[in-house]
file query16.cif (mmCIF, C-alpha atoms and all ligand atoms)
data_final
#
loop_
_atom_site.label_atom_id
_atom_site.label_comp_id
_atom_site.auth_asym_id
_atom_site.auth_seq_id
_atom_site.Cartn_x
_atom_site.Cartn_y
_atom_site.Cartn_z
CA MET B 12 85.84 44.05 80.82
CA ILE B 13 88.14 41.02 81.15
CA LYS B 14 89.94 40.34 77.86
CA MET B 15 91.34 36.85 77.45
CA ASN B 16 93.63 36.86 74.43
CA LYS B 17 95.70 33.92 75.46
CA PRO B 18 95.47 31.00 74.94
CA LEU B 19 93.89 31.14 71.51
CA TYR B 20 90.31 29.82 71.74
CA LEU B 21 89.65 26.93 69.34
CA ASP B 22 86.69 25.22 70.99
CA ASN B 23 83.83 26.89 69.12
CA HIS B 24 81.73 23.73 68.84
CA SER B 25 81.51 23.71 72.61
CA THR B 26 80.52 27.36 72.86
CA THR B 27 81.30 30.71 71.24
CA PRO B 28 81.94 34.15 72.72
CA VAL B 29 79.10 36.64 72.43
CA ASP B 30 79.63 38.96 69.46
CA GLU B 31 80.06 42.55 70.73
CA ARG B 32 77.29 43.71 68.39
CA VAL B 33 74.96 41.12 69.91
CA LEU B 34 75.87 42.22 73.42
CA SER B 35 75.15 45.91 72.61
CA LYS B 36 71.76 44.99 71.22
CA MET B 37 70.94 42.99 74.37
CA MET B 38 72.07 45.51 76.98
CA PRO B 39 68.97 47.76 77.19
CA TYR B 40 66.81 44.70 77.83
CA PHE B 41 68.50 44.03 81.17
CA THR B 42 67.73 47.47 82.57
CA GLU B 43 65.65 50.03 80.64
CA ILE B 44 63.31 47.66 78.82
CA HIS B 45 62.89 45.20 81.64
CA GLY B 46 59.17 44.48 81.46
CA ASN B 47 57.61 41.04 81.34
CA PRO B 48 56.33 40.45 77.79
CA SER B 49 53.26 38.74 79.26
CA SER B 50 52.29 41.96 81.12
CA ILE B 51 50.63 43.54 78.14
CA ASP B 52 48.55 46.06 80.07
CA HIS B 53 51.36 48.56 80.46
CA ILE B 54 54.11 50.13 78.39
CA HIS B 55 56.95 48.22 80.06
CA GLY B 56 55.43 44.86 79.17
CA ASN B 57 54.50 45.98 75.70
CA SER B 58 58.00 47.25 74.94
CA ALA B 59 59.43 43.86 75.92
CA LEU B 60 56.75 42.07 73.90
CA LYS B 61 57.63 44.19 70.85
CA ALA B 62 61.28 43.12 71.14
CA VAL B 63 60.27 39.44 71.42
CA LYS B 64 57.97 39.77 68.40
CA GLU B 65 60.72 41.36 66.32
CA ALA B 66 63.18 38.66 67.34
CA ARG B 67 60.73 35.87 66.54
CA ASN B 68 59.98 37.46 63.19
CA GLU B 69 63.68 37.80 62.33
CA ILE B 70 64.47 34.19 63.24
CA SER B 71 61.42 32.79 61.45
CA LYS B 72 62.37 34.62 58.24
CA ILE B 73 65.98 33.42 58.34
CA LEU B 74 64.94 29.79 58.88
CA GLY B 75 62.26 29.81 56.17
CA CYS B 76 59.25 29.44 58.47
CA LYS B 77 55.80 30.09 57.06
CA ARG B 78 54.61 31.79 60.24
CA GLU B 79 56.56 33.54 62.96
CA HIS B 80 54.76 31.69 65.75
CA GLU B 81 56.43 28.49 64.52
CA ILE B 82 59.46 29.57 66.60
CA ILE B 83 59.27 28.72 70.32
CA PHE B 84 61.93 30.06 72.68
CA THR B 85 63.58 27.66 75.11
CA ALA B 86 66.69 27.64 77.30
CA GLY B 87 68.84 26.00 74.61
CA ALA B 88 69.12 23.03 72.31
CA THR B 89 69.05 20.52 75.18
CA GLU B 90 65.61 21.73 76.21
CA SER B 91 64.44 21.95 72.59
CA ASN B 92 65.51 18.36 71.97
CA ASN B 93 63.74 17.19 75.14
CA LEU B 94 60.59 19.10 74.20
CA ALA B 95 60.58 17.77 70.64
CA LEU B 96 61.21 14.11 71.48
CA ILE B 97 59.17 13.79 74.66
CA GLY B 98 56.49 16.10 73.28
CA VAL B 99 56.00 14.04 70.11
CA TYR B 100 56.12 10.74 71.95
CA ARG B 101 53.51 11.67 74.54
CA LYS B 102 51.21 13.22 71.93
CA HIS B 103 51.40 10.39 69.40
CA LYS B 104 52.14 7.21 71.38
CA SER B 105 48.63 5.91 70.79
CA LYS B 106 49.56 5.69 67.07
CA GLY B 107 52.86 3.93 67.66
CA ASN B 108 55.86 3.79 69.98
CA HIS B 109 58.80 3.52 67.58
CA ILE B 110 61.44 6.24 67.13
CA ILE B 111 64.36 6.17 64.68
CA SER B 112 67.55 8.13 65.34
CA THR B 113 71.30 7.66 64.89
CA GLN B 114 74.18 6.45 67.03
CA ILE B 115 76.01 9.79 66.77
CA GLU B 116 73.40 12.17 68.16
CA HIS B 117 74.21 14.58 70.97
CA ALA B 118 73.63 13.33 74.53
CA SER B 119 70.56 15.55 74.81
CA VAL B 120 68.92 13.38 72.14
CA LEU B 121 70.41 10.01 73.07
CA HIS B 122 69.72 10.31 76.81
CA THR B 123 66.20 11.59 76.16
CA LEU B 124 65.52 8.60 73.91
CA GLU B 125 66.91 6.32 76.59
CA TYR B 126 64.55 7.97 79.08
CA LEU B 127 61.59 7.48 76.70
CA LYS B 128 62.16 3.73 76.83
CA SER B 129 60.88 3.94 80.42
CA GLU B 130 57.62 5.35 79.00
CA GLY B 131 57.38 2.43 76.57
CA ALA B 132 59.25 3.73 73.50
CA GLU B 133 61.16 1.43 71.19
CA ILE B 134 64.25 3.07 69.80
CA THR B 135 66.29 2.22 66.70
CA LEU B 136 69.69 3.93 66.57
CA LEU B 137 71.04 3.67 63.06
CA PRO B 138 74.76 3.21 62.44
CA VAL B 139 76.75 5.66 60.31
CA ASP B 140 79.49 5.06 57.74
CA ASN B 141 83.18 5.80 58.35
CA TYR B 142 82.58 9.44 57.49
CA GLY B 143 79.74 9.68 60.00
CA ARG B 144 76.92 9.76 57.42
CA VAL B 145 73.68 7.92 57.94
CA SER B 146 72.25 6.12 54.91
CA VAL B 147 68.87 7.34 53.67
CA ASP B 148 68.05 3.73 52.69
CA ASP B 149 68.74 2.65 56.28
CA VAL B 150 66.27 5.25 57.50
CA GLN B 151 63.66 4.00 55.02
CA ASN B 152 64.27 0.35 55.92
CA ALA B 153 64.01 0.98 59.67
CA ILE B 154 60.47 2.32 59.39
CA THR B 155 57.73 0.09 60.82
CA ASP B 156 54.00 0.65 61.13
CA LYS B 157 54.70 1.86 64.68
CA THR B 158 57.22 4.58 63.72
CA ILE B 159 56.05 8.03 64.82
CA LEU B 160 59.29 10.01 64.79
CA ILE B 161 62.66 10.25 63.03
CA SER B 162 65.33 12.40 64.70
CA VAL B 163 68.62 13.10 62.89
CA MET B 164 71.08 15.88 63.67
CA TYR B 165 72.02 18.37 60.95
CA ALA B 166 75.74 18.46 61.69
CA ASN B 167 77.74 16.53 64.23
CA ASN B 168 79.35 18.46 67.09
CA GLU B 169 82.50 16.31 67.17
CA ILE B 170 83.38 15.47 63.58
CA GLY B 171 81.37 18.14 61.75
CA THR B 172 79.69 15.70 59.35
CA ILE B 173 76.55 17.07 57.71
CA GLN B 174 73.70 14.61 57.14
CA PRO B 175 71.47 14.26 54.05
CA ILE B 176 68.69 16.12 55.86
CA LYS B 177 66.49 16.94 52.87
CA GLU B 178 66.42 13.31 51.72
CA ILE B 179 65.72 11.99 55.22
CA GLY B 180 62.95 14.57 55.56
CA GLU B 181 61.48 13.33 52.30
CA VAL B 182 61.42 9.75 53.58
CA ALA B 183 59.69 10.93 56.75
CA LYS B 184 57.16 13.00 54.80
CA ASN B 185 56.34 10.17 52.36
CA ASN B 186 55.67 7.87 55.30
CA ASP B 187 53.68 10.39 57.35
CA ILE B 188 56.26 10.41 60.13
CA ILE B 189 57.35 13.48 62.09
CA PHE B 190 60.94 14.56 61.37
CA HIS B 191 62.99 16.31 64.07
CA CYS B 192 66.42 17.77 63.39
CA ASP B 193 68.92 18.90 66.03
CA ALA B 194 70.58 21.76 64.16
CA ALA B 195 72.49 23.29 67.09
CA GLN B 196 75.80 23.16 65.21
CA ALA B 197 74.45 24.18 61.82
CA VAL B 198 71.95 27.00 62.23
CA GLY B 199 73.57 30.27 61.17
CA TYR B 200 76.50 28.49 59.54
CA GLU B 201 74.49 26.65 56.89
CA ASP B 202 71.65 27.89 54.72
CA ILE B 203 68.63 26.30 56.35
CA ASP B 204 65.08 26.53 55.03
CA VAL B 205 62.94 24.25 57.20
CA TYR B 206 60.20 23.82 54.60
CA LYS B 207 62.56 23.10 51.70
CA LEU B 208 64.33 20.54 53.90
CA ASN B 209 61.07 18.83 54.95
CA ILE B 210 61.80 19.47 58.63
CA ASP B 211 58.91 19.35 61.12
CA LEU B 212 60.77 20.23 64.31
CA MET B 213 64.21 21.83 64.59
CA SER B 214 66.32 22.65 67.66
CA PHE B 215 68.90 25.42 67.87
CA SER B 216 70.88 27.33 70.46
CA GLY B 217 72.24 30.85 71.04
CA HIS B 218 75.68 30.09 72.40
CA LYS B 219 76.83 28.09 69.37
CA ILE B 220 76.35 31.10 67.10
CA TYR B 221 78.05 33.96 69.00
CA GLY B 222 74.91 34.63 71.01
CA PRO B 223 74.25 34.22 74.74
CA LYS B 224 74.09 30.97 76.70
CA GLY B 225 70.78 29.80 78.18
CA ILE B 226 68.64 30.66 75.18
CA GLY B 227 67.58 28.57 72.22
CA GLY B 228 64.62 27.73 70.09
CA LEU B 229 62.47 25.04 68.60
CA PHE B 230 60.80 25.32 65.21
CA ILE B 231 57.40 23.62 65.27
CA ARG B 232 55.82 23.34 61.81
CA SER B 233 52.30 24.68 61.64
CA PHE B 234 51.55 24.37 57.96
CA MET B 235 50.87 21.25 55.91
CA PRO B 236 50.89 19.47 58.23
CA ILE B 237 50.42 21.11 61.61
CA VAL B 238 52.80 19.26 63.92
CA ARG B 239 51.32 18.58 67.31
CA ILE B 240 53.37 17.97 70.44
CA ASN B 241 52.67 17.97 74.17
CA PRO B 242 54.40 20.51 76.39
CA ILE B 243 56.81 19.14 79.00
CA MET B 244 56.71 22.16 81.31
CA HIS B 245 53.51 23.53 82.79
CA GLY B 246 52.78 26.98 84.12
CA GLY B 247 51.75 30.30 82.63
CA ASP B 248 51.18 28.96 79.10
CA GLN B 249 53.72 31.24 77.47
CA GLU B 250 54.86 30.33 73.96
CA ARG B 251 51.37 29.13 72.99
CA GLY B 252 51.46 26.71 75.88
CA PHE B 253 54.44 24.81 74.46
CA ARG B 254 56.89 26.32 76.93
CA SER B 255 55.71 27.95 80.11
CA GLY B 256 57.99 30.36 81.94
CA THR B 257 58.75 34.08 81.78
CA LEU B 258 60.56 34.83 78.55
CA ASN B 259 64.28 35.58 78.62
CA VAL B 260 63.95 38.86 76.74
CA PRO B 261 67.65 39.87 76.56
CA GLY B 262 68.50 36.32 75.52
CA ILE B 263 65.82 36.27 72.84
CA VAL B 264 67.00 39.63 71.45
CA GLY B 265 70.58 38.31 71.50
CA LEU B 266 69.66 35.02 69.82
CA ALA B 267 67.94 36.83 66.94
CA GLU B 268 70.79 39.30 66.47
CA ALA B 269 73.40 36.53 66.60
CA LEU B 270 71.53 34.46 64.04
CA LYS B 271 71.02 37.48 61.79
CA LEU B 272 74.70 38.43 61.85
CA LEU B 273 76.06 34.93 61.38
CA SER B 274 73.66 34.14 58.53
CA GLN B 275 74.58 37.39 56.80
CA GLU B 276 78.29 36.75 57.21
CA SER B 277 78.47 32.95 56.97
CA LYS B 278 79.42 32.78 53.29
CA GLY B 279 82.70 34.64 53.85
CA ILE B 280 83.34 32.97 57.20
CA ASN B 281 82.81 29.48 55.79
CA LYS B 282 85.06 30.18 52.80
CA LYS B 283 87.87 31.42 55.04
CA ASN B 284 87.46 28.64 57.60
CA ASN B 285 87.35 26.01 54.89
CA GLU B 286 90.69 27.25 53.58
CA PHE B 287 92.13 27.46 57.09
CA SER B 288 90.94 23.98 58.06
CA GLN B 289 92.39 22.49 54.90
CA LYS B 290 95.66 24.32 55.41
CA ILE B 291 96.01 23.12 59.01
CA VAL B 292 95.35 19.50 58.06
CA GLU B 293 97.62 19.67 55.00
CA VAL B 294 100.57 21.15 56.88
CA LEU B 295 100.20 18.68 59.76
CA GLN B 296 99.89 15.69 57.41
CA ASP B 297 102.87 16.92 55.42
CA ARG B 298 105.05 16.65 58.54
CA PHE B 299 103.22 13.72 60.15
CA PRO B 300 101.70 11.62 57.35
CA HIS B 301 99.88 9.29 59.79
CA ILE B 302 97.56 12.05 60.97
CA LYS B 303 94.03 11.26 59.89
CA LEU B 304 91.11 13.62 59.37
CA ASN B 305 87.89 12.23 60.84
CA GLY B 306 84.46 12.99 59.44
CA ASP B 307 83.27 13.56 55.90
CA PRO B 308 85.89 15.34 53.73
CA VAL B 309 83.19 17.14 51.73
CA ASN B 310 79.93 17.22 53.70
CA ARG B 311 81.30 18.91 56.80
CA LEU B 312 81.15 22.10 58.81
CA SER B 313 83.95 24.30 57.48
CA HIS B 314 85.17 25.30 60.94
CA ASN B 315 85.53 21.71 62.19
CA ILE B 316 88.83 19.86 62.34
CA ASN B 317 88.81 16.46 64.02
CA ILE B 318 92.09 14.60 63.70
CA THR B 319 93.67 11.47 65.06
CA ILE B 320 97.39 11.84 65.75
CA PRO B 321 98.84 8.33 66.15
CA GLY B 322 101.31 8.09 69.03
CA VAL B 323 100.20 11.33 70.68
CA GLU B 324 97.69 11.25 73.54
CA SER B 325 95.18 14.06 73.11
CA LYS B 326 95.25 14.87 76.83
CA ALA B 327 99.06 15.19 76.73
CA LEU B 328 98.82 17.47 73.71
CA MET B 329 96.19 19.62 75.42
CA LEU B 330 98.32 19.87 78.54
CA LYS B 331 101.42 20.76 76.54
CA LEU B 332 99.55 23.53 74.69
CA LYS B 333 97.31 24.69 77.53
CA ASP B 334 98.88 28.17 77.64
CA LYS B 335 98.79 28.56 73.87
CA LEU B 336 95.69 26.88 72.45
CA SER B 337 92.31 25.84 73.90
CA PHE B 338 90.80 22.91 72.02
CA SER B 339 89.16 19.70 73.05
CA ALA B 340 89.61 15.97 73.05
CA GLY B 341 86.37 14.60 71.64
CA SER B 342 83.15 16.22 72.76
CA ALA B 343 83.19 18.85 75.49
CA CYS B 344 80.23 17.22 77.17
CA SER B 345 82.00 13.92 77.56
CA THR B 346 85.44 15.14 78.59
CA ILE B 347 84.62 15.15 82.31
CA LYS B 348 83.84 11.45 82.17
CA VAL B 349 86.86 9.75 80.69
CA LYS B 350 84.78 7.73 78.29
CA PRO B 351 85.65 7.13 74.66
CA SER B 352 83.50 9.26 72.39
CA HIS B 353 80.43 7.39 71.08
CA VAL B 354 80.73 9.34 67.82
CA LEU B 355 84.30 8.26 67.17
CA GLN B 356 83.36 4.68 68.09
CA ALA B 357 80.46 4.80 65.63
CA ILE B 358 82.78 5.82 62.77
CA GLY B 359 85.03 2.86 63.54
CA LEU B 360 87.88 4.27 65.65
CA ASN B 361 89.31 1.98 68.33
CA ASP B 362 89.96 3.20 71.89
CA ASP B 363 93.63 3.95 71.19
CA ASP B 364 92.69 6.12 68.22
CA ILE B 365 89.99 7.84 70.19
CA PHE B 366 92.34 8.89 72.96
CA GLN B 367 94.69 10.27 70.30
CA THR B 368 92.05 12.44 68.70
CA ILE B 369 91.53 16.17 69.04
CA ARG B 370 88.75 18.49 67.95
CA ILE B 371 89.33 22.07 66.85
CA GLY B 372 86.48 24.46 66.16
CA LEU B 373 87.74 27.57 64.38
CA SER B 374 86.13 30.89 65.27
CA LYS B 375 84.57 33.25 62.79
CA SER B 376 87.15 35.90 63.65
CA ILE B 377 90.34 33.85 63.35
CA GLY B 378 92.80 35.50 60.94
CA LYS B 379 96.00 34.58 59.10
CA GLU B 380 98.19 35.58 62.03
CA GLU B 381 96.34 33.25 64.40
CA LEU B 382 96.33 30.51 61.78
CA ASP B 383 100.14 30.58 61.81
CA ILE B 384 100.12 30.40 65.61
CA VAL B 385 97.86 27.33 65.52
CA ILE B 386 100.01 25.54 62.96
CA GLU B 387 103.32 26.43 64.59
CA ASN B 388 102.23 25.32 68.05
CA LEU B 389 100.65 22.08 66.89
CA LEU B 390 103.71 21.16 64.83
CA ASP B 391 106.06 21.85 67.75
CA ALA B 392 103.98 20.03 70.35
CA ILE B 393 103.32 16.98 68.16
CA ALA B 394 107.03 16.73 67.30
CA HIS B 395 107.88 16.93 70.98
CA LEU B 396 105.36 14.28 72.04
CA SER B 397 105.84 11.85 69.13
C1 LIG X 1 74.49 18.96 68.37
C2 LIG X 1 74.16 19.55 69.70
N1 LIG X 1 72.92 19.42 70.18
C3 LIG X 1 72.57 19.94 71.37
C4 LIG X 1 73.48 20.61 72.15
C5 LIG X 1 73.04 21.19 73.47
O1 LIG X 1 72.91 22.58 73.35
P1 LIG X 1 72.69 23.54 74.59
O2 LIG X 1 74.04 23.71 75.21
O3 LIG X 1 72.16 24.80 73.99
O4 LIG X 1 71.72 22.91 75.51
C6 LIG X 1 74.79 20.77 71.69
C7 LIG X 1 75.81 21.43 72.54
O5 LIG X 1 76.91 20.93 72.71
C8 LIG X 1 75.13 20.23 70.42
O6 LIG X 1 76.36 20.35 69.93
#
call {"tool": "encode", "arguments": {"input": "query16.cif", "output": "structure tokens"}}
result
Amino acid sequence: MIKMNKPLYLDNHSTTPVDERVLSKMMPYFTEIHGNPSSIDHIHGNSALKAVKEARNEISKILGCKREHEIIFTAGATESNNLALIGVYRKHKSKGNHIISTQIEHASVLHTLEYLKSEGAEITLLPVDNYGRVSVDDVQNAITDKTILISVMYANNEIGTIQPIKEIGEVAKNNDIIFHCDAAQAVGYEDIDVYKLNIDLMSFSGHKIYGPKGIGGLFIRSFMPIVRINPIMHGGDQERGFRSGTLNVPGIVGLAEALKLLSQESKGINKKNNEFSQKIVEVLQDRFPHIKLNGDPVNRLSHNINITIPGVESKALMLKLKDKLSFSAGSACSTIKVKPSHVLQAIGLNDDDIFQTIRIGLSKSIGKEELDIVIENLLDAIAHLS
């Protein structure tokens, strides 16, 4: 197997490596247990179906579902977000065409909402404060008699800010509006109970939680109330007709194992990463007092560090450290287009600041030794470029 120790990987909001334990659990499902879970008339199909059932059960328990069939498997959070938003809109547009979301959602939400305008949707994108938090009052005040859906992400992929999800869910519930949450960055890391948080639909993804790429899920509430959505893909009616297509059995097994392991271990991981993040920011600010931490200082993912380094172009810093550290400038999805990040714009950064901002996503396995390497290299490179 190819081992890539260098440079040190610090881009875990973009994607994570598959945990070895997850990989071992998946392996038999590529070869020995290769049946199609829809082919229930023979042992091969049944063995695959059993694995899918176990995975669905595991995930539904961890996320606080009332029934295991509330979990639908998809190809990732992008597909889950598309299914949730388009599916709700097409099912409920006769009741109203208004959707509320925020300016800092992931492209898979924002671009889908933009697309829905072509089907007649009216979209309100709420602003956020300088920490990246949306106001619950703003959500309440944006509701009209045409509002059918509120979609707010759990935690932001660039600045790590966590939203007041339970309170927003309460507003949605009190107004009889469906509440969707894109939790791709939070599932596994944060304690999430969909019913306690008043969530109706929730998207998540395998590759953000040390599971495989190309697999994800959507929680669809089926208890008080039953949430109804239209499918967006048509075919063999797998996943109760919500998502046709032969199930990705190894991926599903891997997703469940990854979620199980991360949820079991997240307390320790978050504590360590919180200390490490604080240490990195403290040491950098001690030497370069103008460095600014972006995002909410308290309500944030513990493995996220998003900092603006005045006078140092993020691309130059990345180039200087390319053999030592892999991190990103803004969101991974937007780095190909040299466009200022919409998230950093929404929290009030100007273009100069934005191009001097980096994002680090610490891994669950980073230790003290690597922490020193991160700090040492950043200090050296910033000093050199300042
Ligand atoms: C918040 C958020 N939503 C959705 C996605 C898309 O996830 P996937 O790559 O599984 O389609 C990402 C990935 O960057 C994300 O960070």
call {"tool": "atom_distance", "arguments": {"input": "query16.cif", "atom1": "CA of His24 in chain B", "atom2": "CA of Phe287 in chain B"}}
result
16.1 Å
call {"tool": "residues_near_ligand", "arguments": {"input": "query16.cif", "ligand": "ligand LIG 1 (chain X)", "cutoff": "8 Å", "atoms": "only C-alpha atoms and all ligand atoms", "output": "PyMOL selection string"}}
result
chain B and resi 24-26+86-92+116-120+164-169+193-196+214-219+224-227+342-344
call {"tool": "atom_distance", "arguments": {"input": "query16.cif", "atom1": "CA of Leu34 in chain B", "atom2": "CA of Glu250 in chain B"}}
result
24.1 Å
call {"tool": "residues_around", "arguments": {"input": "query16.cif", "residues": "range 75-85 of chain B", "least_positions_apart": "3", "cutoff": "6 Å", "atoms": "all atoms listed in the file", "output": "number ranges by chain"}}
result
B: 67-68, 71-72, 204-205, 226-232, 250
call {"tool": "residues_around", "arguments": {"input": "query16.cif", "residues": "Leu373 in chain B", "least_positions_apart": "2", "cutoff": "9 Å", "atoms": "all atoms listed in the file", "output": "MDAnalysis selection string"}}
result
chainID B and resid 20:24 284 287:288 313:316 371 375:377
call {"tool": "write_last_selection", "arguments": {"input": "query16.cif", "atoms": "C-alpha atoms", "output": "mmCIF file, keeping the file's coordinate frame"}}
result
data_model
loop_
_atom_site.group_PDB
_atom_site.id
_atom_site.type_symbol
_atom_site.label_atom_id
_atom_site.label_comp_id
_atom_site.auth_asym_id
_atom_site.auth_seq_id
_atom_site.Cartn_x
_atom_site.Cartn_y
_atom_site.Cartn_z
ATOM 1 C CA TYR B 20 90.310 29.820 71.740
ATOM 2 C CA LEU B 21 89.650 26.930 69.340
ATOM 3 C CA ASP B 22 86.690 25.220 70.990
ATOM 4 C CA ASN B 23 83.830 26.890 69.120
ATOM 5 C CA HIS B 24 81.730 23.730 68.840
ATOM 6 C CA ASN B 284 87.460 28.640 57.600
ATOM 7 C CA PHE B 287 92.130 27.460 57.090
ATOM 8 C CA SER B 288 90.940 23.980 58.060
ATOM 9 C CA SER B 313 83.950 24.300 57.480
ATOM 10 C CA HIS B 314 85.170 25.300 60.940
ATOM 11 C CA ASN B 315 85.530 21.710 62.190
ATOM 12 C CA ILE B 316 88.830 19.860 62.340
ATOM 13 C CA ILE B 371 89.330 22.070 66.850
ATOM 14 C CA LYS B 375 84.570 33.250 62.790
ATOM 15 C CA SER B 376 87.150 35.900 63.650
ATOM 16 C CA ILE B 377 90.340 33.850 63.350
#
call {"tool": "build_atoms", "arguments": {"input": "query16.cif", "residues": "range 318-325 of chain B", "atoms": "all heavy atoms", "output": "mmCIF file, in the coordinates of the input"}}
result
data_model
loop_
_atom_site.group_PDB
_atom_site.id
_atom_site.type_symbol
_atom_site.label_atom_id
_atom_site.label_comp_id
_atom_site.auth_asym_id
_atom_site.auth_seq_id
_atom_site.Cartn_x
_atom_site.Cartn_y
_atom_site.Cartn_z
ATOM 1 N N ILE B 318 90.973 15.416 64.217
ATOM 2 C CA ILE B 318 92.090 14.600 63.700
ATOM 3 C C ILE B 318 92.603 13.613 64.739
ATOM 4 O O ILE B 318 92.629 13.903 65.931
ATOM 5 C CB ILE B 318 93.277 15.477 63.213
ATOM 6 C CG1 ILE B 318 93.631 16.556 64.241
ATOM 7 C CG2 ILE B 318 93.022 16.064 61.839
ATOM 8 C CD1 ILE B 318 94.889 17.334 63.898
ATOM 9 N N THR B 319 93.003 12.454 64.225
ATOM 10 C CA THR B 319 93.670 11.470 65.060
ATOM 11 C C THR B 319 95.173 11.573 64.789
ATOM 12 O O THR B 319 95.601 11.593 63.629
ATOM 13 C CB THR B 319 93.172 10.043 64.724
ATOM 14 O OG1 THR B 319 91.747 10.031 64.903
ATOM 15 C CG2 THR B 319 93.809 9.001 65.627
ATOM 16 N N ILE B 320 95.932 11.682 65.884
ATOM 17 C CA ILE B 320 97.390 11.840 65.750
ATOM 18 C C ILE B 320 98.043 10.607 66.385
ATOM 19 O O ILE B 320 98.260 10.573 67.609
ATOM 20 C CB ILE B 320 97.858 13.130 66.474
ATOM 21 C CG1 ILE B 320 96.982 14.325 66.047
ATOM 22 C CG2 ILE B 320 99.337 13.396 66.208
ATOM 23 C CD1 ILE B 320 97.154 15.566 66.898
ATOM 24 N N PRO B 321 98.328 9.576 65.577
ATOM 25 C CA PRO B 321 98.840 8.330 66.150
ATOM 26 C C PRO B 321 100.121 8.558 66.966
ATOM 27 O O PRO B 321 101.031 9.277 66.543
ATOM 28 C CB PRO B 321 99.122 7.465 64.913
ATOM 29 C CG PRO B 321 98.204 8.012 63.864
ATOM 30 C CD PRO B 321 98.140 9.484 64.131
ATOM 31 N N GLY B 322 100.131 7.986 68.170
ATOM 32 C CA GLY B 322 101.310 8.090 69.030
ATOM 33 C C GLY B 322 101.267 9.288 69.963
ATOM 34 O O GLY B 322 102.143 9.447 70.821
ATOM 35 N N VAL B 323 100.283 10.147 69.817
ATOM 36 C CA VAL B 323 100.200 11.330 70.680
ATOM 37 C C VAL B 323 98.851 11.344 71.418
ATOM 38 O O VAL B 323 97.799 11.466 70.794
ATOM 39 C CB VAL B 323 100.363 12.637 69.856
ATOM 40 C CG1 VAL B 323 100.175 13.863 70.739
ATOM 41 C CG2 VAL B 323 101.708 12.671 69.160
ATOM 42 N N GLU B 324 98.918 11.217 72.729
ATOM 43 C CA GLU B 324 97.690 11.250 73.540
ATOM 44 C C GLU B 324 97.092 12.651 73.486
ATOM 45 O O GLU B 324 97.809 13.640 73.726
ATOM 46 C CB GLU B 324 98.024 10.933 75.005
ATOM 47 C CG GLU B 324 98.413 9.496 75.265
ATOM 48 C CD GLU B 324 97.204 8.577 75.356
ATOM 49 O OE1 GLU B 324 96.150 9.046 75.798
ATOM 50 O OE2 GLU B 324 97.342 7.403 74.950
ATOM 51 N N SER B 325 95.802 12.723 73.220
ATOM 52 C CA SER B 325 95.180 14.060 73.110
ATOM 53 C C SER B 325 95.301 14.848 74.411
ATOM 54 O O SER B 325 95.533 16.057 74.396
ATOM 55 C CB SER B 325 93.727 13.933 72.681
ATOM 56 O OG SER B 325 93.072 12.969 73.446
#
